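Peer 1: Supplied in structure tokens, the structure appears directly below.
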Amino acid sequence: MDFIKTFFQEMGAMLSIPWSFVILEVIGTLAGAVSGARLASSKKFDLFGALIVGIATACGGGTIRDLMIGKPPFWLEEPIYLLACIFGLLWVFVFRKVLVRQNNTWFLFDCIGFSLFNVIGIEKSLGLGFPTWAAICLGCITGAGGGVMRDILINEVPLIFRKEIYATCCLAGGIVYVLFLRMGWTPEGCALLSCTVAITIRMLAVKYHWSLPYIKGIEEE
Amino acid sequence: MDFIKTFFQEMGAMLSIPWSFVILEVIGTLAGAVSGARLASSKKFDLFGALIVGIATACGGGTIRDLMIGKPPFWLEEPIYLLACIFGLLWVFVFRKVLVRQNNTWFLFDCIGFSLFNVIGIEKSLGLGFPTWAAICLGCITGAGGGVMRDILINEVPLIFRKEIYATCCLAGGIVYVLFLRMGWTPEGCALLSCTVAITIRMLAVKYHWSLPYIKGIEEE
Amino acid sequence: MDFIKTFFQEMGAMLSIPWSFVILEVIGTLAGAVSGARLASSKKFDLFGALIVGIATACGGGTIRDLMIGKPPFWLEEPIYLLACIFGLLWVFVFRKVLVRQNNTWFLFDCIGFSLFNVIGIEKSLGLGFPTWAAICLGCITGAGGGVMRDILINEVPLIFRKEIYATCCLAGGIVYVLFLRMGWTPEGCALLSCTVAITIRMLAVKYHWSLPYIKGIEEE
């Protein structure tokens with residue numbers, strides 16, 4: 001146990017270098033924007049529509065969180081996030097014919113994104129004095145809210161409510177984060193472990209087609 | 001008139017006992033969560049999706065109100081509301097085969113919920129210094145917003161815009177509330193009268209299939 | 001150049017008379033409410049639903065902006081906007097059979113609305129200390145957000161993402177506004193020029209069927 005702790009703390013210390021953290025955050029934003037812009041374009045949304053759906057996917061969860069904790073949306077305070085979304089749209093345009101071949105890469109980036117956004121949401125909420133359970137909720141909203149907003153904008157039933165389980169991954173990652181934080185780990189170590197847990201569950205879920213059951217036997221009225 | 005006033009004030013005084021009020025609020029939350037989780041499950045949303053739709057139905061109106069009046073969402077400050085939603089999901093799971101037989105009970109609980117949320121929204125807004133007409137609007141949003149949020153999440157046209165009239169009931173209840181508050185009644189008495197009026201109108205509307213008319217003769221472009 | 005500046009500043013000075021500004025704002029609100037109530041009625045929304053969709057169309061963009069900048073929604077502080085929306089609903093009811101003949105007038109009023117809301121959003125955001133690029137974003141949200149909210153409520157894919165280009169007009173108007181503000185023009189002159197630019201582009205777009213392209217060659221998964 002101590003070995004694991006030391007390993008993750010050292011990794012965490014390495015990761016605490018601001019620029020590496022920012023790079024990961026931008027990679028996550030990019031992944032969200034690419035996924036949103038791609039889906040929107042496949043539905044014949046114009047360039048502007050694709051950009052907005054990209055921004056909603058990448059920044060929507062954090063925006064809902066910021067409104068709930070009483071802060072202005074993070075992407076209005078620092079231009080890097082919008083720039084990443086514009087870059088994501090350009091990427092979709094340039095690589096439109098070969099995007100399918102990049103699927104694995106973008107899936108990995110998307111995993112980095114949602115698991116990291118989850119941790120950022122928890123940290124931001126804890127820092128403002130929200131109780132632990134509320135911070136975990138706000139982490140899930142940060143990590144999973146963008147996908148819901150995307151699906152509302154493209155007028156589809158949110159994927160996350162029927163197929164994807166990444167909200168469950170956020171929940172698991174969030175519980176791991178606050179648990180190890182209570183045990184005295186550094187925030188960086190907790191973040192690394194939390195992301196590892198969330199990403200691992202999601203990858204296993206995709207590989208083995210895991211999904212949550214639904215309540216059967218209820219008829220529509 | 002004085003007799004009615006005394007009667008309702010005495011009833012109100014009884015109801016002002018905090019735990020009875022909280023019980024009613026939790027019953028309303030439960031009713032919203034059950035209705036949301038049930039509808040979501042009938043559309044094959046998974047357990048997580050059903051929980052989120054339940055939370056949106058029960059707490060969505062109050063959340064929009066809180067964002068508008070500049071407060072954090074009430075369900076992030078006190079865990080009882082989320083617990084009630086989780087309990088509502090469990091209820092739907094356990095009683096999935098006999099839910100139809102409980103329809104009348106849940107309809108009553110739902111009535112308690114929307115009419116009480118309406119009053120809570122008005123009180124909270126008045127307390128923050130919003131003008132009376134704005135407080136009535138915020139009451140309607142609290143009472144009726146959850147249903148709209150539920151219908152957006154399950155990707156349907158909001159029921160309240162075509163069939164249900166409970167926003168109208170909220171409006172009537174809200175006007176009664178502020179009117180009798182101005183006439184010097186206690187908040188508890190006003191709350192009781194307001195809920196009675198709103199619930200009565202809704203029950204009559206359901207019984208006699210009342211609905212608002214729509215503007216005919218406009219063609220879709 | 002100096003001649004143009006003087007001309008617009010004089011026009012701006014004229015327009016800075018508060019009541020004329022308020023009249024324009026109310027005309028814009030009215031146009032949004034009429035467009036929303038009309039669309040909702042054509043889909044058989046009842047009177048209440050038509051009113052709410054009208055309010056969302058007219059005031060939705062400003063509401064999202066106010067939530068983002070941490071203010072209560074503007075229409076809860078001053079009853080004129082809600083009254084304009086109620087009046088818009090009445091107008092749709094009274095003139096339901098001849099609304100098609102008023103199309104050009106309402107299109108003009110709608111143009112005044114979105115371009116003016118854009119400028120108001122920018123001014124409000126700059127006044128609160130948001131950076132210029134963020135203020136332009138918030139202007140676009142103010143001018144174009146109502147239409148998105150309307151389309152979500154009537155459960156359709158937002159028109160603005162596929163056909164209309166008025167977000168692009170907002171962007172152009174916003175850039176013009178801050179550019180000329182930096183060059184020392186009065187806010188009134190900048191507002192007039194910005195609205196002129198935004199309205200002109202939109203009218204040309206409608207006349208010549210301009211629309212943004214979409215990214216082709218992406219298949220739905």
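We name chains A, B, ... following the order of the structure tokens; residues begin at 1 in each chain, and ligands are numbered from 1 as shown.
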Could you go through region 15-207 of chain B and tell me which residues DSSP, when run on the backbone, assigns to helix (DSSP H, G or I), listing them as a ChimeraX atom specification?

Peer 2: /B:15,18-42,47-69,74-76,80-94,99-127,132-153,159-161,166-182,187-207

Peer 1: Please return, as a list in words, all residues of chain C lying within 6 Å of chain B when only C-alpha atoms are considered.

Peer 2: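 Every residue of chain C that passes the 6 Å test is in Ser41, Ser42, Lys44, Phe45, Asp46, Leu47, Gly49, Pro72, Leu76, Ile154 and Asn155 of chain C.
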
Peer 1: Restrict the selected residues to N, CA and C atoms and save them as a compact mmCIF listing (two decimals), in the first residue's frame.

Peer 2:
```
# COMPACT_ATOMS: atom_id res chain seq x y z
N SER C 41 -47.72 28.13 -31.17
CA SER C 41 -49.14 27.94 -31.47
C SER C 41 -49.32 27.05 -32.69
N SER C 42 -48.41 27.20 -33.66
CA SER C 42 -48.52 26.36 -34.86
C SER C 42 -48.28 24.89 -34.52
N LYS C 44 -49.54 23.64 -31.74
CA LYS C 44 -50.63 23.35 -30.81
C LYS C 44 -50.25 23.43 -29.35
N PHE C 45 -49.26 24.27 -29.02
CA PHE C 45 -49.00 24.56 -27.62
C PHE C 45 -50.17 25.41 -27.12
N ASP C 46 -50.59 25.23 -25.88
CA ASP C 46 -51.68 26.04 -25.35
C ASP C 46 -51.20 27.47 -25.07
N LEU C 47 -52.13 28.33 -24.62
CA LEU C 47 -51.80 29.74 -24.43
C LEU C 47 -50.62 29.92 -23.49
N GLY C 49 -48.22 27.69 -22.83
CA GLY C 49 -47.02 27.23 -23.52
C GLY C 49 -46.52 28.25 -24.52
N PRO C 72 -29.16 38.56 -11.47
CA PRO C 72 -30.49 37.99 -11.66
C PRO C 72 -31.01 38.35 -13.06
N LEU C 76 -36.69 39.96 -14.42
CA LEU C 76 -37.25 39.85 -13.07
C LEU C 76 -37.07 41.15 -12.29
N ILE C 154 -39.43 23.63 -28.03
CA ILE C 154 -40.38 23.01 -28.97
C ILE C 154 -39.84 21.71 -29.52
N ASN C 155 -38.71 21.25 -28.96
CA ASN C 155 -38.11 19.95 -29.30
C ASN C 155 -37.73 19.84 -30.77
```

Peer 1: Need to verify the contact set: Arg150 (chain A), 8 Å, only C-alpha atoms, exclusion of same-chain residues closer than 4 positions in sequence. Can you return it as a list in words?

Peer 2: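 The neighbour list is Gly36, Val53, Gly54, Ala56, Thr57, Gly146 and Ile154 of chain A.
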
Peer 1: Only N, CA and C atoms, please: the residues just picked out, written as a short mmCIF file (atom, residue, chain, number, x, y, z; two decimals), in the first residue's frame.

Peer 2:
```cif
data_model
loop_
_atom_site.label_atom_id
_atom_site.label_comp_id
_atom_site.auth_asym_id
_atom_site.auth_seq_id
_atom_site.Cartn_x
_atom_site.Cartn_y
_atom_site.Cartn_z
N GLY A 36 -17.85 16.69 -30.28
CA GLY A 36 -19.06 17.46 -30.52
C GLY A 36 -19.17 17.94 -31.95
N VAL A 53 -21.69 23.23 -30.68
CA VAL A 53 -21.88 21.90 -30.11
C VAL A 53 -20.55 21.39 -29.53
N GLY A 54 -19.44 21.72 -30.21
CA GLY A 54 -18.12 21.36 -29.69
C GLY A 54 -17.85 22.04 -28.35
N ALA A 56 -20.08 23.21 -26.27
CA ALA A 56 -21.01 22.68 -25.27
C ALA A 56 -20.52 21.33 -24.75
N THR A 57 -20.00 20.48 -25.64
CA THR A 57 -19.50 19.17 -25.22
C THR A 57 -18.28 19.32 -24.31
N GLY A 146 -21.26 17.84 -20.07
CA GLY A 146 -21.05 18.28 -21.45
C GLY A 146 -21.73 17.37 -22.46
N ILE A 154 -28.30 18.63 -30.09
CA ILE A 154 -28.54 17.94 -31.36
C ILE A 154 -29.88 17.21 -31.34
#
```

Peer 1: Within 9 Å of Leu99 (chain C), counting only C-alpha atoms, which residues show up once you throw out same-chain ones fewer than 4 positions away? Write them as a ChimeraX atom specification, please.

Peer 2: /B:218 /C:38,92,95,103

Peer 1: Please, could you write that set of residues out with all heavy atoms as a short mmCIF file (atom, residue, chain, number, x, y, z; two decimals), in the first residue's frame?

Peer 2:
```
data_model
loop_
_atom_site.label_atom_id
_atom_site.label_comp_id
_atom_site.auth_asym_id
_atom_site.auth_seq_id
_atom_site.Cartn_x
_atom_site.Cartn_y
_atom_site.Cartn_z
N ILE B 218 -52.93 29.16 -37.20
CA ILE B 218 -51.57 29.57 -37.57
C ILE B 218 -50.89 28.38 -38.23
O ILE B 218 -50.79 27.31 -37.65
CB ILE B 218 -50.78 30.04 -36.33
CG1 ILE B 218 -51.41 31.31 -35.79
CG2 ILE B 218 -49.32 30.25 -36.68
CD1 ILE B 218 -50.79 31.79 -34.51
N ARG C 38 -45.93 32.40 -31.94
CA ARG C 38 -46.47 31.97 -33.23
C ARG C 38 -46.04 30.55 -33.55
O ARG C 38 -46.86 29.69 -33.92
CB ARG C 38 -45.91 32.94 -34.27
CG ARG C 38 -46.52 32.85 -35.60
CD ARG C 38 -45.87 33.91 -36.45
NE ARG C 38 -46.23 33.76 -37.84
CZ ARG C 38 -45.79 34.55 -38.80
NH1 ARG C 38 -44.99 35.56 -38.50
NH2 ARG C 38 -46.16 34.35 -40.04
N VAL C 92 -50.50 37.92 -31.35
CA VAL C 92 -50.59 36.69 -32.15
C VAL C 92 -52.03 36.19 -32.17
O VAL C 92 -52.54 35.74 -33.20
CB VAL C 92 -49.64 35.60 -31.59
CG1 VAL C 92 -49.88 34.26 -32.28
CG2 VAL C 92 -48.19 36.02 -31.77
N PHE C 95 -54.26 38.81 -34.33
CA PHE C 95 -53.93 38.90 -35.76
C PHE C 95 -53.57 37.54 -36.37
O PHE C 95 -52.91 37.48 -37.39
CB PHE C 95 -52.77 39.89 -35.97
CG PHE C 95 -53.14 41.30 -35.61
CD1 PHE C 95 -52.75 41.87 -34.41
CD2 PHE C 95 -53.92 42.06 -36.49
CE1 PHE C 95 -53.10 43.16 -34.08
CE2 PHE C 95 -54.27 43.36 -36.16
CZ PHE C 95 -53.87 43.92 -34.95
N ASN C 103 -45.25 39.71 -42.10
CA ASN C 103 -43.93 39.08 -42.01
C ASN C 103 -42.76 40.05 -42.13
O ASN C 103 -41.80 39.98 -41.36
CB ASN C 103 -43.79 37.99 -43.08
CG ASN C 103 -44.26 36.65 -42.56
OD1 ASN C 103 -44.55 36.53 -41.36
ND2 ASN C 103 -44.34 35.65 -43.42
#
```

Peer 1: Given the choices C:Leu116, C:Gly143, C:Ile52, C:Met203, which gets closest to Glu188 (chain C) if the distance is worked out from only C-alpha atoms?

Peer 2: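 Once distances to Glu188 (chain C) are computed over only C-alpha atoms, the minimum belongs to C:Leu116.
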
Peer 1: Mind checking which residues fall within 8 Å of Ile27 (chain B), counting only C-alpha atoms, ignoring those fewer than 6 positions away in the same chain, and posting them as a list in words?

Peer 2: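 So, after excluding close chain neighbours, the residues are Phe109, Ile112 and Gly113 of chain B.
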
Peer 1: Need the shell around Ala33 (chain C): protein/DNA/RNA residues with any atom at most 7 Å away, counting only C-alpha atoms. Skip same-chain ones fewer than 5 positions apart. Format as a list in words?

Peer 2: Gly54, Ile55, Thr57, Ala58, Cys85, Gly88 and Leu89 of chain C

Peer 1: Would you mind exporting the chosen residues as an mmCIF file, in the first residue's frame, restricted to N, CA, C and O atoms?

Peer 2:
```
data_model
loop_
_atom_site.group_PDB
_atom_site.id
_atom_site.type_symbol
_atom_site.label_atom_id
_atom_site.label_comp_id
_atom_site.auth_asym_id
_atom_site.auth_seq_id
_atom_site.Cartn_x
_atom_site.Cartn_y
_atom_site.Cartn_z
ATOM 1 N N GLY C 54 -42.622 32.219 -26.021
ATOM 2 C CA GLY C 54 -42.390 33.612 -26.392
ATOM 3 C C GLY C 54 -41.385 34.282 -25.471
ATOM 4 O O GLY C 54 -40.447 34.951 -25.926
ATOM 5 N N ILE C 55 -41.560 34.089 -24.162
ATOM 6 C CA ILE C 55 -40.619 34.670 -23.196
ATOM 7 C C ILE C 55 -39.218 34.096 -23.418
ATOM 8 O O ILE C 55 -38.226 34.830 -23.409
ATOM 9 N N THR C 57 -37.913 32.925 -26.140
ATOM 10 C CA THR C 57 -37.332 33.466 -27.369
ATOM 11 C C THR C 57 -36.848 34.898 -27.159
ATOM 12 O O THR C 57 -35.743 35.263 -27.565
ATOM 13 N N ALA C 58 -37.678 35.696 -26.499
ATOM 14 C CA ALA C 58 -37.371 37.118 -26.356
ATOM 15 C C ALA C 58 -36.324 37.363 -25.269
ATOM 16 O O ALA C 58 -35.433 38.191 -25.427
ATOM 17 N N CYS C 85 -44.024 40.613 -23.554
ATOM 18 C CA CYS C 85 -44.250 39.227 -24.002
ATOM 19 C C CYS C 85 -45.742 38.881 -23.961
ATOM 20 O O CYS C 85 -46.254 38.213 -24.871
ATOM 21 N N GLY C 88 -47.270 40.509 -26.830
ATOM 22 C CA GLY C 88 -46.929 39.763 -28.044
ATOM 23 C C GLY C 88 -47.862 38.576 -28.251
ATOM 24 O O GLY C 88 -48.305 38.295 -29.368
ATOM 25 N N LEU C 89 -48.185 37.885 -27.145
ATOM 26 C CA LEU C 89 -49.111 36.750 -27.227
ATOM 27 C C LEU C 89 -50.497 37.218 -27.678
ATOM 28 O O LEU C 89 -51.129 36.607 -28.546
#
```

Peer 1: If we count only C-alpha atoms, what is near Gly121 (chain C) at a cut-off of 12 Å, once residues fewer than 6 positions away on the same chain are taken out, given as a compact mmCIF listing (two decimals) with all heavy atoms, in the first residue's frame?

Peer 2:
```txt
# COMPACT_ATOMS: atom_id res chain seq x y z
N CYS C 59 -36.43 36.64 -24.16
CA CYS C 59 -35.59 36.94 -22.99
C CYS C 59 -34.58 35.84 -22.68
O CYS C 59 -33.76 36.00 -21.76
CB CYS C 59 -36.47 37.17 -21.76
SG CYS C 59 -37.76 38.40 -21.98
N GLY C 61 -31.88 34.58 -24.28
CA GLY C 61 -30.46 34.90 -24.45
C GLY C 61 -29.94 35.78 -23.33
O GLY C 61 -28.88 35.51 -22.76
N GLY C 62 -30.70 36.83 -23.00
CA GLY C 62 -30.30 37.72 -21.91
C GLY C 62 -30.26 37.01 -20.57
O GLY C 62 -29.45 37.33 -19.70
N THR C 63 -31.16 36.02 -20.41
CA THR C 63 -31.18 35.27 -19.15
C THR C 63 -29.92 34.43 -19.00
O THR C 63 -29.29 34.43 -17.92
CB THR C 63 -32.43 34.36 -19.10
OG1 THR C 63 -33.59 35.17 -19.27
CG2 THR C 63 -32.53 33.63 -17.78
N ILE C 64 -29.52 33.71 -20.07
CA ILE C 64 -28.29 32.92 -20.00
C ILE C 64 -27.11 33.85 -19.69
O ILE C 64 -26.27 33.54 -18.85
CB ILE C 64 -28.04 32.16 -21.32
CG1 ILE C 64 -29.24 31.26 -21.65
CG2 ILE C 64 -26.77 31.33 -21.24
CD1 ILE C 64 -29.10 30.55 -22.99
N ARG C 65 -27.08 34.99 -20.39
CA ARG C 65 -25.99 35.95 -20.13
C ARG C 65 -25.98 36.39 -18.67
O ARG C 65 -24.93 36.39 -18.02
CB ARG C 65 -26.16 37.18 -21.02
CG ARG C 65 -25.14 38.28 -20.74
CD ARG C 65 -25.73 39.63 -21.06
NE ARG C 65 -26.93 39.90 -20.29
CZ ARG C 65 -27.98 40.61 -20.72
NH1 ARG C 65 -27.95 41.13 -21.92
NH2 ARG C 65 -29.04 40.81 -19.94
N ASP C 66 -27.16 36.74 -18.13
CA ASP C 66 -27.22 37.22 -16.75
C ASP C 66 -26.75 36.14 -15.77
O ASP C 66 -26.05 36.44 -14.81
CB ASP C 66 -28.63 37.69 -16.41
CG ASP C 66 -28.94 39.05 -17.04
OD1 ASP C 66 -27.98 39.79 -17.34
OD2 ASP C 66 -30.12 39.37 -17.23
N MET C 68 -24.62 33.82 -16.43
CA MET C 68 -23.17 33.67 -16.59
C MET C 68 -22.39 34.81 -15.94
O MET C 68 -21.30 34.60 -15.42
CB MET C 68 -22.82 33.57 -18.07
CG MET C 68 -23.21 32.23 -18.69
SD MET C 68 -22.60 32.07 -20.38
CE MET C 68 -22.93 30.32 -20.66
N ILE C 69 -22.93 36.02 -15.99
CA ILE C 69 -22.20 37.15 -15.39
C ILE C 69 -22.59 37.36 -13.93
O ILE C 69 -22.12 38.29 -13.29
CB ILE C 69 -22.41 38.46 -16.19
CG1 ILE C 69 -23.87 38.92 -16.17
CG2 ILE C 69 -21.96 38.29 -17.63
CD1 ILE C 69 -24.12 40.23 -16.90
N PHE C 74 -32.67 39.90 -16.13
CA PHE C 74 -33.12 41.29 -16.27
C PHE C 74 -34.64 41.42 -16.22
O PHE C 74 -35.17 42.41 -15.74
CB PHE C 74 -32.59 41.89 -17.58
CG PHE C 74 -33.14 41.23 -18.82
CD1 PHE C 74 -34.19 41.80 -19.52
CD2 PHE C 74 -32.63 40.03 -19.27
CE1 PHE C 74 -34.71 41.19 -20.65
CE2 PHE C 74 -33.14 39.41 -20.40
CZ PHE C 74 -34.18 39.99 -21.08
N GLY C 113 -34.20 43.74 -32.70
CA GLY C 113 -34.05 43.03 -31.43
C GLY C 113 -32.71 42.35 -31.28
O GLY C 113 -31.92 42.69 -30.39
N PHE C 114 -32.38 41.42 -32.17
CA PHE C 114 -31.18 40.63 -31.94
C PHE C 114 -29.92 41.49 -32.00
O PHE C 114 -28.98 41.26 -31.24
CB PHE C 114 -31.11 39.44 -32.93
CG PHE C 114 -30.36 39.70 -34.19
CD1 PHE C 114 -29.00 39.44 -34.27
CD2 PHE C 114 -31.00 40.20 -35.30
CE1 PHE C 114 -28.30 39.68 -35.43
CE2 PHE C 114 -30.31 40.45 -36.47
CZ PHE C 114 -28.95 40.20 -36.54
N SER C 115 -29.90 42.50 -32.88
CA SER C 115 -28.68 43.31 -32.99
C SER C 115 -28.52 44.22 -31.77
O SER C 115 -27.40 44.47 -31.31
CB SER C 115 -28.71 44.13 -34.28
OG SER C 115 -29.79 45.03 -34.28
N GLY C 127 -18.89 46.39 -18.76
CA GLY C 127 -19.08 47.16 -17.54
C GLY C 127 -18.72 46.37 -16.28
O GLY C 127 -18.35 46.93 -15.26
N LEU C 128 -18.85 45.04 -16.37
CA LEU C 128 -18.53 44.19 -15.22
C LEU C 128 -17.08 43.72 -15.25
O LEU C 128 -16.67 42.91 -14.41
CB LEU C 128 -19.46 42.97 -15.19
CG LEU C 128 -20.89 43.27 -14.73
CD1 LEU C 128 -21.81 42.12 -15.06
CD2 LEU C 128 -20.90 43.54 -13.22
N PHE C 130 -15.41 42.06 -17.79
CA PHE C 130 -15.02 40.91 -18.62
C PHE C 130 -14.11 41.39 -19.74
O PHE C 130 -14.27 42.51 -20.24
CB PHE C 130 -16.26 40.22 -19.21
CG PHE C 130 -16.97 39.33 -18.25
CD1 PHE C 130 -17.97 39.82 -17.43
CD2 PHE C 130 -16.61 37.99 -18.12
CE1 PHE C 130 -18.63 39.00 -16.52
CE2 PHE C 130 -17.25 37.17 -17.22
CZ PHE C 130 -18.26 37.67 -16.41
N THR C 132 -12.51 41.85 -23.50
CA THR C 132 -13.22 42.18 -24.74
C THR C 132 -13.74 40.94 -25.47
O THR C 132 -14.91 40.88 -25.86
CB THR C 132 -12.29 42.97 -25.68
OG1 THR C 132 -11.78 44.09 -24.97
CG2 THR C 132 -13.04 43.44 -26.91
N ALA C 134 -14.42 38.04 -24.32
CA ALA C 134 -15.50 37.40 -23.57
C ALA C 134 -16.79 38.19 -23.72
O ALA C 134 -17.88 37.63 -23.83
CB ALA C 134 -15.12 37.26 -22.10
N ALA C 135 -16.68 39.54 -23.75
CA ALA C 135 -17.86 40.38 -23.92
C ALA C 135 -18.51 40.13 -25.28
O ALA C 135 -19.74 40.11 -25.39
CB ALA C 135 -17.48 41.86 -23.76
N ILE C 136 -17.68 39.93 -26.31
CA ILE C 136 -18.24 39.63 -27.64
C ILE C 136 -19.00 38.30 -27.60
O ILE C 136 -20.10 38.18 -28.14
CB ILE C 136 -17.12 39.61 -28.71
CG1 ILE C 136 -16.55 41.03 -28.88
CG2 ILE C 136 -17.65 39.10 -30.05
CD1 ILE C 136 -15.38 41.11 -29.84
N CYS C 137 -18.41 37.29 -26.93
CA CYS C 137 -19.11 36.00 -26.76
C CYS C 137 -20.44 36.21 -26.05
O CYS C 137 -21.48 35.67 -26.46
CB CYS C 137 -18.28 35.03 -25.94
SG CYS C 137 -16.81 34.43 -26.77
N LEU C 138 -20.42 36.98 -24.96
CA LEU C 138 -21.64 37.19 -24.19
C LEU C 138 -22.67 37.98 -24.99
O LEU C 138 -23.88 37.80 -24.81
CB LEU C 138 -21.30 37.90 -22.87
CG LEU C 138 -20.63 36.98 -21.83
CD1 LEU C 138 -19.92 37.78 -20.74
CD2 LEU C 138 -21.65 36.03 -21.21
N GLY C 139 -22.19 38.86 -25.88
CA GLY C 139 -23.11 39.55 -26.79
C GLY C 139 -23.81 38.56 -27.72
O GLY C 139 -25.03 38.60 -27.89
N CYS C 140 -23.04 37.65 -28.30
CA CYS C 140 -23.62 36.63 -29.19
C CYS C 140 -24.64 35.79 -28.44
O CYS C 140 -25.72 35.47 -28.97
CB CYS C 140 -22.53 35.71 -29.74
SG CYS C 140 -21.49 36.47 -30.98
N ILE C 141 -24.30 35.41 -27.20
CA ILE C 141 -25.22 34.61 -26.39
C ILE C 141 -26.52 35.38 -26.16
O ILE C 141 -27.61 34.84 -26.27
CB ILE C 141 -24.56 34.21 -25.05
CG1 ILE C 141 -23.45 33.19 -25.31
CG2 ILE C 141 -25.58 33.69 -24.06
CD1 ILE C 141 -22.59 32.87 -24.12
N THR C 142 -26.39 36.69 -25.86
CA THR C 142 -27.57 37.52 -25.63
C THR C 142 -28.43 37.61 -26.89
O THR C 142 -29.65 37.51 -26.83
CB THR C 142 -27.17 38.95 -25.20
OG1 THR C 142 -26.16 38.87 -24.20
CG2 THR C 142 -28.36 39.72 -24.66
N GLY C 143 -27.76 37.80 -28.05
CA GLY C 143 -28.51 38.01 -29.28
C GLY C 143 -29.07 36.72 -29.87
O GLY C 143 -30.15 36.72 -30.47
N ALA C 144 -28.35 35.62 -29.70
CA ALA C 144 -28.73 34.39 -30.40
C ALA C 144 -29.24 33.29 -29.48
O ALA C 144 -29.82 32.30 -29.94
CB ALA C 144 -27.54 33.87 -31.21
N GLY C 145 -29.06 33.44 -28.15
CA GLY C 145 -29.42 32.37 -27.22
C GLY C 145 -30.92 32.10 -27.14
O GLY C 145 -31.35 30.97 -26.91
N CYS C 170 -24.20 38.61 -35.19
CA CYS C 170 -23.87 39.11 -33.85
C CYS C 170 -22.37 39.26 -33.70
O CYS C 170 -21.87 40.26 -33.19
CB CYS C 170 -24.38 38.14 -32.77
SG CYS C 170 -26.15 38.22 -32.51
N LEU C 171 -21.63 38.25 -34.16
CA LEU C 171 -20.18 38.28 -34.06
C LEU C 171 -19.63 39.49 -34.81
O LEU C 171 -18.81 40.26 -34.27
CB LEU C 171 -19.62 36.99 -34.65
CG LEU C 171 -18.17 36.65 -34.34
CD1 LEU C 171 -18.00 36.43 -32.84
CD2 LEU C 171 -17.73 35.41 -35.09
N GLY C 173 -21.24 42.23 -35.71
CA GLY C 173 -21.67 43.45 -35.02
C GLY C 173 -20.85 43.69 -33.76
O GLY C 173 -20.51 44.83 -33.44
N GLY C 174 -20.56 42.62 -33.05
CA GLY C 174 -19.79 42.74 -31.80
C GLY C 174 -18.37 43.22 -32.05
O GLY C 174 -17.86 44.10 -31.33
N TYR C 177 -18.47 46.80 -32.87
CA TYR C 177 -18.73 47.62 -31.68
C TYR C 177 -17.46 47.88 -30.88
O TYR C 177 -17.13 49.02 -30.58
CB TYR C 177 -19.79 46.92 -30.80
CG TYR C 177 -20.14 47.72 -29.57
CD1 TYR C 177 -21.11 48.71 -29.62
CD2 TYR C 177 -19.49 47.51 -28.36
CE1 TYR C 177 -21.43 49.48 -28.52
CE2 TYR C 177 -19.79 48.26 -27.24
CZ TYR C 177 -20.76 49.24 -27.32
OH TYR C 177 -21.06 49.99 -26.21
N ALA C 191 -22.96 51.59 -31.03
CA ALA C 191 -24.15 50.75 -31.01
C ALA C 191 -24.89 50.85 -32.33
O ALA C 191 -25.29 49.85 -32.93
CB ALA C 191 -25.07 51.15 -29.85
```

Peer 1: For a test of reading the model, state the distance in Å between CA of Gly28 (chain A) and CA of Trp106 (chain A), rounded to one decimal.

Peer 2: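 Going from CA of Gly28 (chain A) over to CA of Trp106 (chain A) covers 9.3 Å.
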
Peer 1: To one decimal in Å, tell me the separation between CA of Tyr81 (chain B) and CA of Met183 (chain A).

Peer 2: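 Separation of CA of Tyr81 (chain B) and CA of Met183 (chain A): 28.5 Å.
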
Peer 1: CA of Ile199 (chain B) and CA of Thr105 (chain B), how far apart in Å?

Peer 2: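 Between CA of Thr105 (chain B) and CA of Ile199 (chain B) the gap works out to 13.7 Å.
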